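This report concerns only the one structure given below.
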Amino acid sequence: MPVEAQIVPTKPVQTEIIQEAPLGVFLTQLGDFDVQKKSFSATFWLWTQTGNAEKSILDSIEFPNAVTVKVSDNITNPTATGKWLQRKVIGTFRHNWDMRNFPFDSQKLIILAEESDRDLSKLRYVPDQKNSSIDEDIKIDGWAIKRYSIEPLVKKYRSNFGDPSLPSGSSSEYTSMQLKIELQRNDLNGFFKLTAGAFAAAGLALVSYLLHADSAATLGPRLGLLAGSMFAVVISLRSASNELGAMAYLTLVDCVHLGVMFYILAAAATEIYILYDLQKHNNAIASKKIGIRAAIFSTLVFFTFVGVLIWGAIHHS
């Protein structure tokens, strides 16, 4: 007798639904810019909405680029569909200040918020674009806020942190969001303060060209003036470096100081050549003409160099 096949009903595959959680931010304070410590401070409100049975994402949120964070004013308001939750965050955040084009630089300050509990297969942030903003009363001396934005991101880690729901040895992904504030510096006073000593040294070097030289004895004071100018520009460079912080690159201010140094060296080389010419030909008039030509040429090159540096910094920013 034929055996009747038995049909065993199969259970439907349970697929976990990814929770999409709204997340909004309103920035109320921004400041305490510290180039040396590579940081800035910010105060802002975060909010989200959840169903009655859902876990609040504000309880598992972290700030990866924060130095210190203080959370206060936890507010929960019931709604027709669940809960509306708000939280105030006060923190200090890391920022690698790029001072190459100071004082014509722009900076992009970023605050990162990331889920620390559920991975991307369970939770995804949806930025509340319409309601997120920054306080129009925020005023920062020396800076103008160009624009701001909130953007969803995905952070991938080369570890699953031992999560048994993920394959052993696999990576993991977590939802995150960034608040980006773009700033443009609008104050040039700092540049003039940091380069005043350098330009003063360049002025002394120019004066050395104008001193009367009719014998080898008169060249001593001129070389002494140049030595003093070089010392002044070195001190000015060290002061500027301390002010802007130790950088692994040359800034506009550094390049201006280096330009002044080469200008002074060119003046010193001219004086040495004049001394040689006087000893060889004993012609003070011809030596004076050499000095005037060298002064005009080196000064034009110096100011052209500085102009190109400033033009490049303005257009790069």
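Residue numbering restarts at 1 in every chain; chains get A, B, ... in the order shown in the structure tokens, and ligands count up from 1 in that same order.
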
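Using only C-alpha atoms, the contacts of segment 138-140 of chain A at a cut-off of 9 Å, with sequence neighbours closer than 4 positions omitted, comprise Leu27, Thr28, Gln29, Leu30, Gly31, Ile134, Ala144 and Ile145 of chain A.
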
Let me see the file: selected residues, C-alpha atoms, as a compact mmCIF listing (two decimals), in the first residue's frame.
# COMPACT_ATOMS: atom_id res chain seq x y z
CA LEU A 27 22.13 74.00 19.65
CA THR A 28 21.91 76.74 22.29
CA GLN A 29 25.56 77.55 23.10
CA LEU A 30 28.90 77.26 21.32
CA GLY A 31 32.32 78.51 22.41
CA ILE A 134 20.65 76.42 16.21
CA ALA A 144 30.54 83.88 11.70
CA ILE A 145 28.34 80.78 11.45

Next item on the list: Show which residues sit within 7 Å of segment 232-236 of chain A, as a PyMOL selection string. Count only C-alpha atoms, and ignore same-chain residues fewer than 4 positions away.
Entry: chain A and resi 197-198+201+228+240+257

Next item on the list: Write out as a PyMOL selection string the residues lying within 12 Å of Met99 of chain A, counting only C-alpha atoms and excluding same-chain residues fewer than 3 positions away.
Entry: chain A and resi 35-36+38+95-96+102-107+185+191+240-241+243-254+313+317

Item checked: Neighbour list for segment 67-83 of chain A as a VMD selection string, cut-off 6 Å, only C-alpha atoms, skip fewer than 5 positions in-chain -> chain A and resid 49 to 52 88 to 93

Residues as selected, N, CA, C and O atoms, written as a PDB file, in the first residue's frame, can you do that?
ATOM      1  N   GLN A  49      11.009  60.528  19.885  1.00  0.00           N
ATOM      2  CA  GLN A  49       9.661  60.052  20.181  1.00  0.00           C
ATOM      3  C   GLN A  49       9.663  58.532  20.139  1.00  0.00           C
ATOM      4  O   GLN A  49      10.295  57.925  19.261  1.00  0.00           O
ATOM      5  N   THR A  50       8.987  57.923  21.081  1.00  0.00           N
ATOM      6  CA  THR A  50       8.924  56.465  21.138  1.00  0.00           C
ATOM      7  C   THR A  50       7.499  56.035  21.411  1.00  0.00           C
ATOM      8  O   THR A  50       6.676  56.793  21.922  1.00  0.00           O
ATOM      9  N   GLY A  51       7.219  54.760  21.085  1.00  0.00           N
ATOM     10  CA  GLY A  51       5.964  54.154  21.492  1.00  0.00           C
ATOM     11  C   GLY A  51       6.004  53.843  22.976  1.00  0.00           C
ATOM     12  O   GLY A  51       7.071  53.870  23.620  1.00  0.00           O
ATOM     13  N   ASN A  52       4.870  53.508  23.533  1.00  0.00           N
ATOM     14  CA  ASN A  52       4.800  53.273  24.982  1.00  0.00           C
ATOM     15  C   ASN A  52       5.692  52.125  25.435  1.00  0.00           C
ATOM     16  O   ASN A  52       6.236  52.135  26.527  1.00  0.00           O
ATOM     17  N   LYS A  88      18.948  67.618  27.900  1.00  0.00           N
ATOM     18  CA  LYS A  88      19.924  68.690  27.710  1.00  0.00           C
ATOM     19  C   LYS A  88      21.329  68.130  27.882  1.00  0.00           C
ATOM     20  O   LYS A  88      21.606  67.410  28.843  1.00  0.00           O
ATOM     21  N   VAL A  89      22.214  68.474  26.937  1.00  0.00           N
ATOM     22  CA  VAL A  89      23.583  67.955  26.958  1.00  0.00           C
ATOM     23  C   VAL A  89      24.555  69.135  26.980  1.00  0.00           C
ATOM     24  O   VAL A  89      24.446  70.058  26.162  1.00  0.00           O
ATOM     25  N   ILE A  90      25.479  69.112  27.923  1.00  0.00           N
ATOM     26  CA  ILE A  90      26.546  70.116  28.025  1.00  0.00           C
ATOM     27  C   ILE A  90      27.873  69.369  27.925  1.00  0.00           C
ATOM     28  O   ILE A  90      28.142  68.472  28.732  1.00  0.00           O
ATOM     29  N   GLY A  91      28.686  69.710  26.931  1.00  0.00           N
ATOM     30  CA  GLY A  91      29.906  68.935  26.764  1.00  0.00           C
ATOM     31  C   GLY A  91      31.043  69.681  26.121  1.00  0.00           C
ATOM     32  O   GLY A  91      30.877  70.765  25.560  1.00  0.00           O
ATOM     33  N   THR A  92      32.212  69.081  26.222  1.00  0.00           N
ATOM     34  CA  THR A  92      33.415  69.535  25.530  1.00  0.00           C
ATOM     35  C   THR A  92      33.772  68.473  24.502  1.00  0.00           C
ATOM     36  O   THR A  92      33.814  67.279  24.839  1.00  0.00           O
ATOM     37  N   PHE A  93      34.042  68.896  23.270  1.00  0.00           N
ATOM     38  CA  PHE A  93      34.224  67.956  22.171  1.00  0.00           C
ATOM     39  C   PHE A  93      35.563  68.200  21.466  1.00  0.00           C
ATOM     40  O   PHE A  93      36.045  69.325  21.410  1.00  0.00           O
TER      41      PHE A  93
END

Next item on the list: Write out as a PyMOL selection string which residues come within 9 Å of segment 153-158 of chain A when counting only C-alpha atoms, dropping same-chain ones fewer than 3 positions away.
Entry: chain A and resi 114+120+124-125+161+169-178

Write the residues of the selection above to a file with N, CA, C and O atoms, as an mmCIF file, in the first residue's frame.
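And here is the file that came out, again.cif:
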data_model
loop_
_atom_site.group_PDB
_atom_site.id
_atom_site.type_symbol
_atom_site.label_atom_id
_atom_site.label_comp_id
_atom_site.auth_asym_id
_atom_site.auth_seq_id
_atom_site.Cartn_x
_atom_site.Cartn_y
_atom_site.Cartn_z
ATOM 1 N N GLU A 114 25.964 58.539 18.865
ATOM 2 C CA GLU A 114 25.975 57.150 18.364
ATOM 3 C C GLU A 114 25.249 56.220 19.318
ATOM 4 O O GLU A 114 25.320 56.380 20.547
ATOM 5 N N LEU A 120 22.946 48.136 13.929
ATOM 6 C CA LEU A 120 22.191 48.707 12.810
ATOM 7 C C LEU A 120 21.049 47.800 12.345
ATOM 8 O O LEU A 120 20.083 48.281 11.749
ATOM 9 N N ARG A 124 17.921 52.336 13.744
ATOM 10 C CA ARG A 124 18.490 53.313 12.819
ATOM 11 C C ARG A 124 17.963 54.708 13.192
ATOM 12 O O ARG A 124 16.752 54.889 13.369
ATOM 13 N N TYR A 125 18.895 55.676 13.315
ATOM 14 C CA TYR A 125 18.489 57.051 13.584
ATOM 15 C C TYR A 125 17.902 57.682 12.318
ATOM 16 O O TYR A 125 18.408 57.485 11.219
ATOM 17 N N PHE A 161 31.991 42.798 19.382
ATOM 18 C CA PHE A 161 31.951 43.013 20.828
ATOM 19 C C PHE A 161 31.359 41.802 21.564
ATOM 20 O O PHE A 161 30.756 41.944 22.627
ATOM 21 N N GLY A 169 33.440 36.481 15.060
ATOM 22 C CA GLY A 169 34.531 37.055 14.290
ATOM 23 C C GLY A 169 34.100 38.099 13.280
ATOM 24 O O GLY A 169 34.934 38.594 12.511
ATOM 25 N N SER A 170 32.821 38.430 13.251
ATOM 26 C CA SER A 170 32.326 39.403 12.274
ATOM 27 C C SER A 170 32.496 40.827 12.785
ATOM 28 O O SER A 170 32.809 41.058 13.956
ATOM 29 N N SER A 171 32.280 41.771 11.897
ATOM 30 C CA SER A 171 32.272 43.181 12.279
ATOM 31 C C SER A 171 30.853 43.558 12.697
ATOM 32 O O SER A 171 29.931 42.736 12.653
ATOM 33 N N SER A 172 30.687 44.800 13.114
ATOM 34 C CA SER A 172 29.365 45.281 13.510
ATOM 35 C C SER A 172 29.190 46.723 13.079
ATOM 36 O O SER A 172 30.171 47.452 12.889
ATOM 37 N N GLU A 173 27.942 47.121 12.914
ATOM 38 C CA GLU A 173 27.620 48.478 12.483
ATOM 39 C C GLU A 173 26.592 49.078 13.433
ATOM 40 O O GLU A 173 25.662 48.388 13.869
ATOM 41 N N TYR A 174 26.770 50.360 13.716
ATOM 42 C CA TYR A 174 25.855 51.061 14.616
ATOM 43 C C TYR A 174 25.425 52.371 13.980
ATOM 44 O O TYR A 174 26.206 53.042 13.297
ATOM 45 N N THR A 175 24.179 52.730 14.217
ATOM 46 C CA THR A 175 23.659 53.978 13.681
ATOM 47 C C THR A 175 24.227 55.159 14.466
ATOM 48 O O THR A 175 24.497 55.066 15.668
ATOM 49 N N SER A 176 24.446 56.261 13.770
ATOM 50 C CA SER A 176 24.957 57.468 14.414
ATOM 51 C C SER A 176 24.460 58.686 13.649
ATOM 52 O O SER A 176 23.865 58.572 12.571
ATOM 53 N N MET A 177 24.697 59.842 14.216
ATOM 54 C CA MET A 177 24.288 61.098 13.604
ATOM 55 C C MET A 177 25.325 62.160 13.950
ATOM 56 O O MET A 177 25.910 62.121 15.030
ATOM 57 N N GLN A 178 25.566 63.087 13.017
ATOM 58 C CA GLN A 178 26.492 64.171 13.302
ATOM 59 C C GLN A 178 25.813 65.520 13.107
ATOM 60 O O GLN A 178 25.064 65.722 12.158
#

Checklist line | Two-atom distance - atom CA of Phe44 of chain A, atom CA of Ser121 of chain A (Å) | finding: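 That distance, rounded to one decimal, is 28.1 Å.
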
Next item on the list: Apply DSSP to the backbone of this structure and, from segment 55-189 of chain A, keep only the residues in helix (DSSP H, G or I); write these as a VMD selection string.
Entry: chain A and resid 57 to 59 189

Next item on the list: Write out as JSON, numbers by chain all residues of segment 5-240 of chain A that backbone DSSP assigns to strand (DSSP E).
Entry: {"A": [19, 20, 21, 22, 23, 24, 25, 26, 27, 28, 29, 30, 31, 32, 33, 34, 39, 40, 41, 42, 43, 44, 45, 46, 47, 48, 49, 50, 61, 62, 66, 67, 68, 69, 70, 71, 72, 73, 74, 75, 76, 77, 78, 83, 84, 85, 86, 87, 88, 89, 90, 91, 92, 93, 94, 106, 107, 108, 109, 110, 111, 112, 113, 114, 115, 123, 124, 125, 126, 127, 133, 134, 143, 144, 145, 146, 147, 148, 149, 150, 151, 152, 153, 154, 155, 156, 157, 172, 173, 174, 175, 176, 177, 178, 179, 180, 181, 182, 183, 184, 185]}

Next item on the list: Go ahead and compute the interatomic distance for atom CA of Leu194 of chain A and atom CA of Leu300 of chain A, in Å to one decimal.
Entry: 22.3 Å

Next item on the list: May I ask which of the residues A:Ile296, A:Leu85, A:Leu112, A:Leu309 is the closest one to Leu179 of chain A, counting only C-alpha atoms?
Entry: A:Leu112

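Among A:Glu151, A:Asp187, A:Asp32, A:Asp128, the residue with the shortest atom-to-atom distance to Glu20 of chain A, counting only C-alpha atoms, is A:Asp128.
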
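Coordinates place atom CA of Val308 of chain A at a distance of 29.4 Å from atom CA of Arg222 of chain A.
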
Margin query: Here is a test: counting only C-alpha atoms, which residue of A:Asn189, A:Ser298, A:Ser132, A:Ser165 is nearest to Trp47 of chain A?
Written below: A:Ser132

Note to self: Just checking: using only C-alpha atoms, which residue out of A:Trp84, A:Tyr273, A:Gly190, A:Ile61 ends up closest to Gly291 of chain A?
What the structure shows: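 Selected residue with least distance to Gly291 of chain A: A:Tyr273.
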